[in-house]
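J.: Next comes the structure file final_37.txt, holding compact mmCIF, C-alpha atoms.
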# COMPACT_ATOMS: atom_id res chain seq x y z
CA MET A 1 -0.61 -60.58 17.97
CA SER A 2 1.32 -58.17 20.17
CA THR A 3 -0.49 -56.00 22.65
CA PRO A 4 -0.68 -52.36 21.48
CA PRO A 5 1.11 -49.83 23.66
CA PRO A 6 -1.05 -48.00 26.22
CA VAL A 7 -2.48 -44.66 25.20
CA PRO A 8 -0.48 -41.86 26.86
CA VAL A 9 -2.25 -40.19 29.76
CA VAL A 10 -2.27 -36.84 27.98
CA LEU A 11 -4.11 -38.35 25.00
CA ALA A 12 -6.69 -39.97 27.27
CA GLU A 13 -7.26 -36.55 28.86
CA GLU A 14 -7.55 -34.98 25.41
CA ALA A 15 -10.13 -37.58 24.35
CA GLU A 16 -12.17 -36.93 27.49
CA PHE A 17 -12.08 -33.20 26.81
CA ILE A 18 -13.36 -33.79 23.25
CA ARG A 19 -16.24 -35.85 24.63
CA ALA A 20 -17.04 -33.05 27.08
CA VAL A 21 -17.02 -30.50 24.24
CA GLU A 22 -19.42 -32.64 22.24
CA ARG A 23 -21.78 -33.08 25.19
CA ARG A 24 -21.74 -29.35 25.91
CA MET A 25 -22.32 -28.48 22.25
CA GLU A 26 -25.21 -30.92 22.01
CA ASP A 27 -26.83 -29.46 25.12
CA LEU A 28 -26.43 -25.90 23.86
CA LEU A 29 -27.79 -26.68 20.39
CA THR A 30 -30.76 -28.50 21.90
CA GLY A 31 -31.55 -25.33 23.80
CA TYR A 32 -31.10 -23.20 20.69
CA ARG A 33 -33.39 -25.51 18.73
CA ASP A 34 -36.06 -25.11 21.41
CA ARG A 35 -35.72 -21.34 21.12
CA ALA A 36 -36.12 -21.54 17.33
CA ALA A 37 -39.12 -23.87 17.61
CA ALA A 38 -40.74 -21.51 20.12
CA ILE A 39 -40.72 -18.88 17.38
CA SER A 40 -41.96 -21.38 14.80
CA GLU A 41 -41.37 -25.08 14.21
CA SER A 42 -40.45 -24.05 10.66
CA ALA A 43 -37.38 -22.23 12.04
CA ALA A 44 -35.98 -25.34 13.76
CA PRO A 45 -34.22 -26.65 10.61
CA LEU A 46 -31.76 -23.75 10.90
CA VAL A 47 -30.40 -25.20 14.12
CA ASP A 48 -30.81 -28.79 12.89
CA ALA A 49 -28.50 -27.96 9.98
CA ILE A 50 -25.85 -26.65 12.38
CA SER A 51 -26.20 -29.72 14.61
CA GLY A 52 -25.68 -32.02 11.66
CA LEU A 53 -22.60 -30.16 10.48
CA VAL A 54 -20.83 -30.05 13.86
CA ARG A 55 -21.43 -33.76 14.48
CA GLY A 56 -18.04 -35.44 14.11
CA GLY A 57 -14.82 -33.81 12.99
CA LYS A 58 -11.37 -33.75 14.56
CA ARG A 59 -12.04 -30.86 17.02
CA MET A 60 -8.55 -29.56 16.24
CA ARG A 61 -9.33 -25.96 17.13
CA ALA A 62 -11.03 -26.93 20.39
CA VAL A 63 -8.08 -29.11 21.40
CA LEU A 64 -5.54 -26.43 20.50
CA ALA A 65 -7.39 -23.97 22.73
CA TRP A 66 -7.42 -26.54 25.52
CA TRP A 67 -3.68 -27.19 25.30
CA GLY A 68 -3.08 -23.42 25.28
CA TRP A 69 -5.17 -23.24 28.44
CA ARG A 70 -3.49 -26.26 30.04
CA GLY A 71 -0.06 -24.87 29.18
CA THR A 72 -0.54 -22.25 31.89
CA GLY A 73 -1.42 -24.87 34.50
CA ALA A 74 -5.16 -24.10 34.43
CA ALA A 75 -7.63 -26.85 35.42
CA ALA A 76 -8.45 -29.33 32.68
CA ASP A 77 -12.22 -29.38 33.25
CA ASP A 78 -12.95 -25.70 33.80
CA PRO A 79 -16.30 -24.68 32.18
CA CYS A 80 -14.63 -21.54 30.80
CA ILE A 81 -12.37 -23.40 28.36
CA LEU A 82 -15.19 -25.83 27.55
CA ASP A 83 -17.43 -23.00 26.34
CA ALA A 84 -14.54 -21.37 24.48
CA ALA A 85 -13.89 -24.65 22.67
CA VAL A 86 -17.57 -24.95 21.70
CA ALA A 87 -17.50 -21.37 20.43
CA LEU A 88 -14.51 -22.17 18.20
CA GLU A 89 -16.26 -25.24 16.80
CA LEU A 90 -19.35 -23.15 16.01
CA PHE A 91 -17.19 -20.48 14.41
CA GLN A 92 -15.58 -23.15 12.24
CA ALA A 93 -19.01 -24.46 11.24
CA ALA A 94 -20.14 -20.97 10.23
CA ALA A 95 -17.01 -20.53 8.13
CA LEU A 96 -17.60 -23.88 6.41
CA ILE A 97 -21.22 -23.03 5.58
CA HIS A 98 -20.25 -19.73 3.98
CA ASP A 99 -17.15 -21.21 2.33
CA ASP A 100 -19.22 -23.88 0.59
CA ILE A 101 -21.53 -21.21 -0.79
CA LEU A 102 -18.61 -19.14 -2.07
CA ASP A 103 -16.97 -22.20 -3.62
CA ARG A 104 -20.22 -23.63 -5.01
CA SER A 105 -19.36 -26.89 -3.24
CA ASP A 106 -21.95 -29.65 -3.41
CA THR A 107 -20.55 -31.72 -0.54
CA ARG A 108 -19.00 -31.31 2.87
CA ARG A 109 -17.52 -34.27 4.77
CA GLY A 110 -19.12 -36.66 2.30
CA ALA A 111 -22.65 -35.24 2.78
CA PRO A 112 -24.55 -32.50 0.92
CA SER A 113 -23.36 -29.00 1.80
CA ILE A 114 -25.85 -26.90 3.74
CA HIS A 115 -27.06 -24.86 0.76
CA ARG A 116 -27.57 -28.03 -1.28
CA SER A 117 -29.43 -29.63 1.61
CA PHE A 118 -31.86 -26.70 1.81
CA GLU A 119 -32.21 -26.73 -1.96
CA THR A 120 -33.22 -30.39 -1.78
CA ARG A 121 -35.71 -29.61 0.98
CA HIS A 122 -37.31 -27.02 -1.32
CA ARG A 123 -37.55 -29.45 -4.24
CA GLN A 124 -38.96 -32.29 -2.16
CA SER A 125 -41.54 -29.99 -0.55
CA GLY A 126 -42.79 -28.67 -3.89
CA TRP A 127 -42.37 -25.06 -2.83
CA ARG A 128 -42.60 -22.09 -5.18
CA GLN A 129 -39.81 -20.08 -6.86
CA ASP A 130 -36.16 -21.09 -7.35
CA PRO A 131 -34.89 -24.01 -5.21
CA ALA A 132 -31.21 -23.06 -5.68
CA HIS A 133 -31.80 -19.47 -4.57
CA PHE A 134 -33.73 -20.68 -1.53
CA GLY A 135 -30.88 -23.07 -0.68
CA VAL A 136 -28.28 -20.30 -0.77
CA SER A 137 -30.51 -17.88 1.14
CA ALA A 138 -31.25 -20.40 3.89
CA ALA A 139 -27.58 -21.38 4.14
CA VAL A 140 -26.45 -17.74 4.44
CA LEU A 141 -28.89 -17.30 7.31
CA THR A 142 -27.79 -20.58 8.90
CA GLY A 143 -24.16 -19.49 8.71
CA ASP A 144 -25.02 -16.10 10.18
CA LEU A 145 -26.95 -17.76 13.00
CA CYS A 146 -24.05 -20.11 13.68
CA LEU A 147 -21.67 -17.15 13.82
CA SER A 148 -23.99 -15.37 16.26
CA LEU A 149 -24.25 -18.43 18.48
CA SER A 150 -20.47 -18.71 18.46
CA GLU A 151 -20.17 -15.15 19.72
CA GLU A 152 -22.87 -15.73 22.36
CA VAL A 153 -21.10 -18.80 23.75
CA PHE A 154 -17.68 -17.16 23.64
CA ALA A 155 -18.98 -14.11 25.48
CA ALA A 156 -19.90 -16.35 28.41
CA ALA A 157 -16.42 -17.89 28.37
CA ALA A 158 -14.71 -14.51 28.20
CA ASP A 159 -16.78 -13.13 31.08
CA ALA A 160 -15.68 -16.08 33.25
CA SER A 161 -12.01 -15.84 32.25
CA ALA A 162 -8.92 -14.26 33.80
CA ASN A 163 -8.71 -11.71 30.96
CA PRO A 164 -12.14 -10.86 29.48
CA ALA A 165 -10.94 -7.83 27.49
CA GLY A 166 -7.93 -9.65 26.02
CA ALA A 167 -10.02 -12.68 25.10
CA ARG A 168 -12.66 -10.57 23.35
CA ALA A 169 -10.01 -8.61 21.47
CA MET A 170 -8.35 -11.79 20.15
CA PHE A 171 -11.69 -13.37 19.19
CA ASN A 172 -12.68 -10.19 17.35
CA GLU A 173 -9.33 -10.11 15.56
CA MET A 174 -9.82 -13.72 14.47
CA ARG A 175 -13.24 -13.01 12.98
CA PHE A 176 -12.03 -9.90 11.15
CA GLU A 177 -9.03 -11.69 9.64
CA VAL A 178 -11.10 -14.62 8.39
CA MET A 179 -13.54 -12.34 6.58
CA ALA A 180 -10.73 -10.36 4.97
CA GLY A 181 -8.92 -13.57 4.01
CA GLN A 182 -12.07 -15.07 2.51
CA TYR A 183 -12.56 -11.97 0.37
CA LEU A 184 -8.98 -12.09 -0.87
CA ASP A 185 -9.50 -15.75 -1.77
CA VAL A 186 -12.60 -14.92 -3.81
CA LEU A 187 -10.82 -11.95 -5.40
CA ASP A 188 -7.90 -14.12 -6.49
CA GLU A 189 -10.28 -16.39 -8.39
CA VAL A 190 -11.62 -13.59 -10.57
CA GLU A 191 -8.78 -11.09 -11.03
CA VAL A 192 -6.78 -11.30 -14.23
CA PRO A 193 -3.72 -13.37 -13.23
CA GLY A 194 -0.39 -11.63 -13.14
CA LYS A 195 2.76 -12.95 -14.77
CA ASP A 196 5.05 -12.65 -11.74
CA PRO A 197 5.30 -16.02 -9.91
CA ALA A 198 6.86 -14.38 -6.84
CA ALA A 199 3.91 -12.00 -6.51
CA ALA A 200 1.50 -14.91 -7.02
CA LEU A 201 3.20 -16.84 -4.22
CA ALA A 202 3.13 -13.85 -1.88
CA ARG A 203 -0.59 -13.38 -2.49
CA ALA A 204 -1.25 -17.08 -2.00
CA ARG A 205 0.59 -17.08 1.32
CA THR A 206 -1.37 -14.01 2.48
CA VAL A 207 -4.66 -15.76 1.73
CA LEU A 208 -3.41 -18.95 3.36
CA ARG A 209 -2.36 -17.09 6.50
CA PHE A 210 -5.47 -15.00 7.10
CA LYS A 211 -8.20 -17.18 5.64
CA SER A 212 -7.15 -20.32 7.45
CA ALA A 213 -3.82 -20.65 9.24
CA ARG A 214 -4.39 -18.06 11.93
CA TYR A 215 -7.97 -18.99 12.81
CA SER A 216 -7.27 -22.70 12.56
CA VAL A 217 -4.16 -22.81 14.76
CA VAL A 218 -2.72 -19.47 15.91
CA HIS A 219 -5.82 -17.94 17.48
CA PRO A 220 -7.21 -21.13 19.11
CA LEU A 221 -3.92 -21.76 20.93
CA GLY A 222 -3.61 -18.08 21.83
CA LEU A 223 -7.19 -17.86 23.06
CA GLY A 224 -6.62 -20.75 25.42
CA GLY A 225 -3.65 -18.91 26.88
CA VAL A 226 -5.40 -15.54 27.11
CA LEU A 227 -8.48 -17.00 28.79
CA ALA A 228 -6.23 -18.57 31.43
CA GLY A 229 -4.42 -15.27 32.03
CA ALA A 230 -1.12 -16.02 30.23
CA ASP A 231 1.27 -13.08 30.04
CA GLY A 232 2.81 -11.59 26.90
CA HIS A 233 5.97 -13.71 27.18
CA VAL A 234 3.99 -16.96 27.07
CA LEU A 235 1.73 -15.73 24.28
CA GLU A 236 4.75 -14.75 22.19
CA HIS A 237 6.08 -18.30 22.45
CA TYR A 238 2.64 -19.66 21.55
CA GLN A 239 2.73 -17.49 18.43
CA ARG A 240 6.20 -18.73 17.47
CA LEU A 241 5.11 -22.35 17.48
CA SER A 242 1.58 -21.92 16.13
CA ALA A 243 2.27 -19.62 13.14
CA PRO A 244 4.43 -22.13 11.21
CA LEU A 245 2.17 -25.01 12.27
CA GLY A 246 -0.89 -23.18 10.94
CA GLU A 247 0.75 -22.50 7.59
CA ALA A 248 1.94 -26.10 7.30
CA PHE A 249 -1.59 -27.30 8.07
CA GLN A 250 -3.11 -25.17 5.31
CA LEU A 251 -0.42 -26.06 2.76
CA GLN A 252 -1.25 -29.72 3.36
CA ASP A 253 -4.92 -28.91 2.94
CA ASP A 254 -4.12 -27.24 -0.40
CA LEU A 255 -2.38 -30.42 -1.52
CA LEU A 256 -5.44 -32.44 -0.50
CA GLY A 257 -7.62 -30.06 -2.52
CA VAL A 258 -5.83 -31.23 -5.66
CA PHE A 259 -4.43 -34.68 -4.88
CA GLY A 260 -6.67 -35.85 -2.02
CA ASP A 261 -8.67 -39.05 -1.91
CA PRO A 262 -12.42 -38.21 -1.96
CA ALA A 263 -13.01 -41.01 0.55
CA VAL A 264 -10.80 -39.11 3.00
CA THR A 265 -11.57 -35.47 2.13
CA GLY A 266 -15.31 -35.86 1.52
CA LYS A 267 -14.97 -33.78 -1.67
CA PRO A 268 -14.38 -34.73 -5.33
CA ALA A 269 -10.74 -34.99 -6.41
CA GLY A 270 -9.41 -31.75 -7.86
CA ASP A 271 -12.14 -29.56 -6.42
CA ASP A 272 -9.68 -26.71 -5.80
CA LEU A 273 -8.85 -26.73 -9.53
CA ARG A 274 -12.52 -26.43 -10.51
CA GLU A 275 -12.95 -23.60 -8.02
CA GLY A 276 -9.91 -21.77 -9.41
CA LYS A 277 -8.01 -21.64 -6.12
CA ARG A 278 -4.77 -19.66 -6.46
CA THR A 279 -2.85 -21.62 -3.86
CA ALA A 280 0.88 -21.76 -3.16
CA LEU A 281 0.90 -25.00 -5.16
CA VAL A 282 -0.36 -23.12 -8.22
CA ALA A 283 2.08 -20.25 -7.63
CA HIS A 284 5.03 -22.65 -7.56
CA ALA A 285 3.76 -24.29 -10.74
CA LEU A 286 3.61 -20.93 -12.53
CA ASP A 287 7.28 -20.48 -11.65
CA LEU A 288 8.31 -23.95 -12.87
CA LEU A 289 6.17 -24.65 -15.94
CA THR A 290 6.87 -23.66 -19.53
CA GLY A 291 4.74 -21.05 -21.29
CA GLU A 292 2.51 -23.63 -22.96
CA GLN A 293 2.10 -25.55 -19.71
CA VAL A 294 1.18 -22.37 -17.86
CA ASP A 295 -1.55 -21.74 -20.44
CA ARG A 296 -2.90 -25.26 -19.86
CA LEU A 297 -2.98 -24.72 -16.11
CA GLU A 298 -4.62 -21.30 -16.43
CA ALA A 299 -7.27 -22.75 -18.74
CA ALA A 300 -8.07 -25.49 -16.24
CA LEU A 301 -8.29 -23.26 -13.17
CA GLY A 302 -11.89 -22.28 -12.47
CA ASP A 303 -13.39 -24.66 -15.05
CA PRO A 304 -16.34 -26.30 -13.24
CA ASP A 305 -16.60 -28.96 -15.95
CA LEU A 306 -13.16 -30.50 -15.44
CA ASP A 307 -13.66 -34.26 -15.63
CA ARG A 308 -11.57 -36.95 -13.98
CA ASP A 309 -9.17 -37.27 -16.91
CA ALA A 310 -8.58 -33.51 -17.08
CA VAL A 311 -7.94 -33.39 -13.34
CA ALA A 312 -5.46 -36.28 -13.68
CA GLN A 313 -3.59 -34.40 -16.42
CA ILE A 314 -3.22 -31.30 -14.23
CA GLN A 315 -2.17 -33.46 -11.29
CA ARG A 316 0.62 -34.96 -13.41
CA LEU A 317 1.65 -31.49 -14.52
CA LEU A 318 1.91 -30.26 -10.93
CA GLU A 319 3.76 -33.38 -9.91
CA SER A 320 6.27 -33.52 -12.77
CA SER A 321 7.05 -29.79 -12.58
CA GLY A 322 8.24 -30.11 -8.99
CA ALA A 323 5.51 -27.82 -7.62
CA ARG A 324 4.14 -30.49 -5.32
CA ALA A 325 7.64 -31.29 -4.04
CA ARG A 326 8.22 -27.60 -3.24
CA VAL A 327 5.05 -27.43 -1.17
CA GLU A 328 5.91 -30.64 0.64
CA ALA A 329 9.37 -29.22 1.40
CA ASP A 330 7.75 -26.06 2.76
CA VAL A 331 5.48 -28.18 4.99
CA ALA A 332 8.48 -30.08 6.34
CA ALA A 333 10.45 -26.89 7.06
CA LEU A 334 7.51 -25.20 8.76
CA GLY A 335 6.84 -28.32 10.80
CA ASP A 336 10.43 -28.45 12.00
CA ALA A 337 10.28 -24.78 12.98
CA SER A 338 7.04 -25.33 14.92
CA LEU A 339 8.33 -28.34 16.84
CA ALA A 340 11.58 -26.54 17.66
CA ALA A 341 9.64 -23.55 19.02
CA LEU A 342 7.38 -25.86 21.01
CA ALA A 343 10.41 -27.41 22.71
CA GLN A 344 11.39 -23.94 23.98
CA ALA A 345 7.90 -22.74 24.98
CA PRO A 346 7.37 -21.97 28.70
CA MET A 347 4.48 -24.32 29.43
CA HIS A 348 3.61 -27.22 31.70
CA GLN A 349 5.19 -30.48 30.59
CA ASP A 350 1.92 -32.40 30.17
CA ALA A 351 0.63 -29.68 27.87
CA ARG A 352 3.89 -29.62 25.91
CA SER A 353 3.69 -33.39 25.47
CA GLY A 354 0.06 -33.27 24.37
CA LEU A 355 0.63 -30.37 22.01
CA ASP A 356 3.69 -32.08 20.52
CA HIS A 357 1.59 -35.16 19.79
CA LEU A 358 -1.18 -33.03 18.26
CA ALA A 359 1.29 -31.04 16.14
CA ARG A 360 2.80 -34.25 14.76
CA ARG A 361 -0.66 -35.53 13.91
CA ILE A 362 -1.42 -32.28 12.09
CA LEU A 363 1.84 -32.54 10.19
CA GLY A 364 1.20 -36.17 9.30
CA GLN A 365 4.45 -37.34 10.86
CA LEU A 366 2.83 -40.01 12.99
CA ARG A 367 1.07 -41.48 9.97
CA ARG A 368 4.37 -41.76 8.08
CA ARG A 369 6.14 -43.64 10.88
Here is the file; what I need is its structure written in the form of structure tokens.
T.:
Amino acid sequence: MSTPPPVPVVLAEEAEFIRAVERRMEDLLTGYRDRAAAISESAAPLVDAISGLVRGGKRMRAVLAWWGWRGTGAAADDPCILDAAVALELFQAAALIHDDILDRSDTRRGAPSIHRSFETRHRQSGWRQDPAHFGVSAAVLTGDLCLSLSEEVFAAAADASANPAGARAMFNEMRFEVMAGQYLDVLDEVEVPGKDPAAALARARTVLRFKSARYSVVHPLGLGGVLAGADGHVLEHYQRLSAPLGEAFQLQDDLLGVFGDPAVTGKPAGDDLREGKRTALVAHALDLLTGEQVDRLEAALGDPDLDRDAVAQIQRLLESSGARARVEADVAALGDASLAALAQAPMHQDARSGLDHLARRILGQLRRR
């Protein structure tokens, strides 16, 4: 057996940073749990739920922030970017908790979602009143607490940064956009669908951009730059490479929501269909399907009782129509645009190399080679 090639230095540094983020997050959450227990031991499960959710994961947002920071030449192990990375991970956790409530999702990363976990706690404890309502109530509060902790940790990072006002402004913009994008996502599930495929695609891309793409990729990279004191020229280049990468990332996630393997996604196959998600994949299908096929798709969207066979039928419809191929072509084009912009970005070479490797992992190109 041949010896595997050595891990590039930049990836070893990235892995060490991830370990540092996890240690810092564990220390902070231990302190927050102590604060909750000092109020009442019964309040500690709020923090325990957050700790369980943030354990594991790819740390994509944290790493993007770090490469944005490193792109300016800032020190790799500065506590400022470490706290900012933890804040982004906590923000992501808060978004996931609330998202699972909105989507009525039973699982997250192969485990019970937070509201289902609290519902089970109620049932097993033999408490009074409605277990499901308690589960949702406790999860809303857990998500709110997680969001508050994210802001608390980020405030410390911003205060220690080269541009406190700019960092706070970008973090605030990120939070506002996510909430607006989440609402538009929920709205799209309940509004009477229009007949114009072009309008449906435009709406889907708006939701994609503001619910996920910008807070998943654009803002983390930008925040790393702002915290390090990057000027407008550098931040503009960061935006050029991160905007298409963020949209490609979410388009791939939309494909996984319909075609993904539950063993990989941690969610049942076709969950986005049951939730009635009006994604770009659906918008392309509306443009390509016949009238009768559109009716079949519309009837399936938002049906929580879709079984495996019904999901498979819709998957075949989306595949044979060419809708999936369109989305995959969009992902490829966006990925090419992002990598081309990265090659022109004014940043330190180690950071460019590390970010290029991360971008290709996000785009799935390394897995295909």
J.: Write out as a list in words each polymer residue whose atoms come within 12 Å of A:Ser148, counting all atoms listed in the file; drop sequence neighbours fewer than 2 positions from it.
T.: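 That gives Tyr32, Val47, Ala87, Leu88, Leu90, Phe91, Ala93, Ala94, Ala95, Leu141, Thr142, Gly143, Asp144, Leu145, Cys146, Ser150, Glu151, Glu152, Val153, Phe154, Ala155 and Arg175 of chain A.
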J.: Need the axis-aligned box for stretch 205-211 of chain A with 4 Å each side, so what are the centre and edges in Å to one decimal, as AutoDock Vina command-line options?
T.:
--center_x -3.8 --center_y -16.5 --center_z 4.2 --size_x 16.8 --size_y 12.9 --size_z 13.8
J.: Can you list, as a PyMOL selection string, every protein, DNA or RNA residue that comes within 9 Å of stretch 101-117 of chain A when you count only C-alpha atoms, leaving out same-chain residues fewer than 6 positions away?
T.: chain A and resi 49-50+53+57+132-140+142+182+186+262-268+271-272+275
J.: Write the residues of the preceding selection, restricted to C-alpha atoms, as a compact mmCIF listing (two decimals), in the frame of the given file.
T.:
# COMPACT_ATOMS: atom_id res chain seq x y z
CA ALA A 49 -28.50 -27.96 9.98
CA ILE A 50 -25.85 -26.65 12.38
CA LEU A 53 -22.60 -30.16 10.48
CA GLY A 57 -14.82 -33.81 12.99
CA ALA A 132 -31.21 -23.06 -5.68
CA HIS A 133 -31.80 -19.47 -4.57
CA PHE A 134 -33.73 -20.68 -1.53
CA GLY A 135 -30.88 -23.07 -0.68
CA VAL A 136 -28.28 -20.30 -0.77
CA SER A 137 -30.51 -17.88 1.14
CA ALA A 138 -31.25 -20.40 3.89
CA ALA A 139 -27.58 -21.38 4.14
CA VAL A 140 -26.45 -17.74 4.44
CA THR A 142 -27.79 -20.58 8.90
CA GLN A 182 -12.07 -15.07 2.51
CA VAL A 186 -12.60 -14.92 -3.81
CA PRO A 262 -12.42 -38.21 -1.96
CA ALA A 263 -13.01 -41.01 0.55
CA VAL A 264 -10.80 -39.11 3.00
CA THR A 265 -11.57 -35.47 2.13
CA GLY A 266 -15.31 -35.86 1.52
CA LYS A 267 -14.97 -33.78 -1.67
CA PRO A 268 -14.38 -34.73 -5.33
CA ASP A 271 -12.14 -29.56 -6.42
CA ASP A 272 -9.68 -26.71 -5.80
CA GLU A 275 -12.95 -23.60 -8.02
J.: What lies within 7 Å of stretch 206-210 of chain A using only C-alpha atoms, ignoring chain neighbours under 6 positions off, as an MDAnalysis selection string?
T.: chainID A and resid 177:178 181 184:185 247 250
J.: What's the 7 Å shell around stretch 235-243 of chain A, counting only C-alpha atoms, without same-chain residues fewer than 3 positions away, as a PDB file with C-alpha atoms, in the frame of the given file?
T.:
ATOM      1  CA  ARG A 214      -4.390 -18.060  11.930  1.00  0.00           C
ATOM      2  CA  VAL A 217      -4.160 -22.810  14.760  1.00  0.00           C
ATOM      3  CA  VAL A 218      -2.720 -19.470  15.910  1.00  0.00           C
ATOM      4  CA  LEU A 221      -3.920 -21.760  20.930  1.00  0.00           C
ATOM      5  CA  GLY A 222      -3.610 -18.080  21.830  1.00  0.00           C
ATOM      6  CA  GLY A 225      -3.650 -18.910  26.880  1.00  0.00           C
ATOM      7  CA  ALA A 230      -1.120 -16.020  30.230  1.00  0.00           C
ATOM      8  CA  ASP A 231       1.270 -13.080  30.040  1.00  0.00           C
ATOM      9  CA  GLY A 232       2.810 -11.590  26.900  1.00  0.00           C
ATOM     10  CA  GLY A 246      -0.890 -23.180  10.940  1.00  0.00           C
ATOM     11  CA  GLU A 247       0.750 -22.500   7.590  1.00  0.00           C
ATOM     12  CA  SER A 338       7.040 -25.330  14.920  1.00  0.00           C
ATOM     13  CA  LEU A 339       8.330 -28.340  16.840  1.00  0.00           C
ATOM     14  CA  ALA A 341       9.640 -23.550  19.020  1.00  0.00           C
ATOM     15  CA  LEU A 342       7.380 -25.860  21.010  1.00  0.00           C
ATOM     16  CA  ALA A 345       7.900 -22.740  24.980  1.00  0.00           C
TER      17      ALA A 345
END
J.: Counting only C-alpha atoms, what is within 10 Å of A:Ala323, bar same-chain residues fewer than 4 positions away, as a list of chain:residue names?
T.: A:Ala280, A:Leu281, A:Val282, A:Ala283, A:His284, A:Ala285, A:Leu286, A:Asp287, A:Leu288, A:Leu289, A:Leu317, A:Leu318, A:Glu319, A:Val327, A:Glu328, A:Ala329
J.: Could you state the separation of atom CA of A:His357 and atom CA of A:Gly68 in Å, given to one decimal place?
T.: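 Between atom CA of A:His357 and atom CA of A:Gly68 the gap is 13.8 Å.
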J.: Using all atoms listed in the file, which of the listed residues (A:Gln293, A:Gln315, A:Ser321, A:Ser51) sits closest to A:Ala269?
T.: A:Gln315
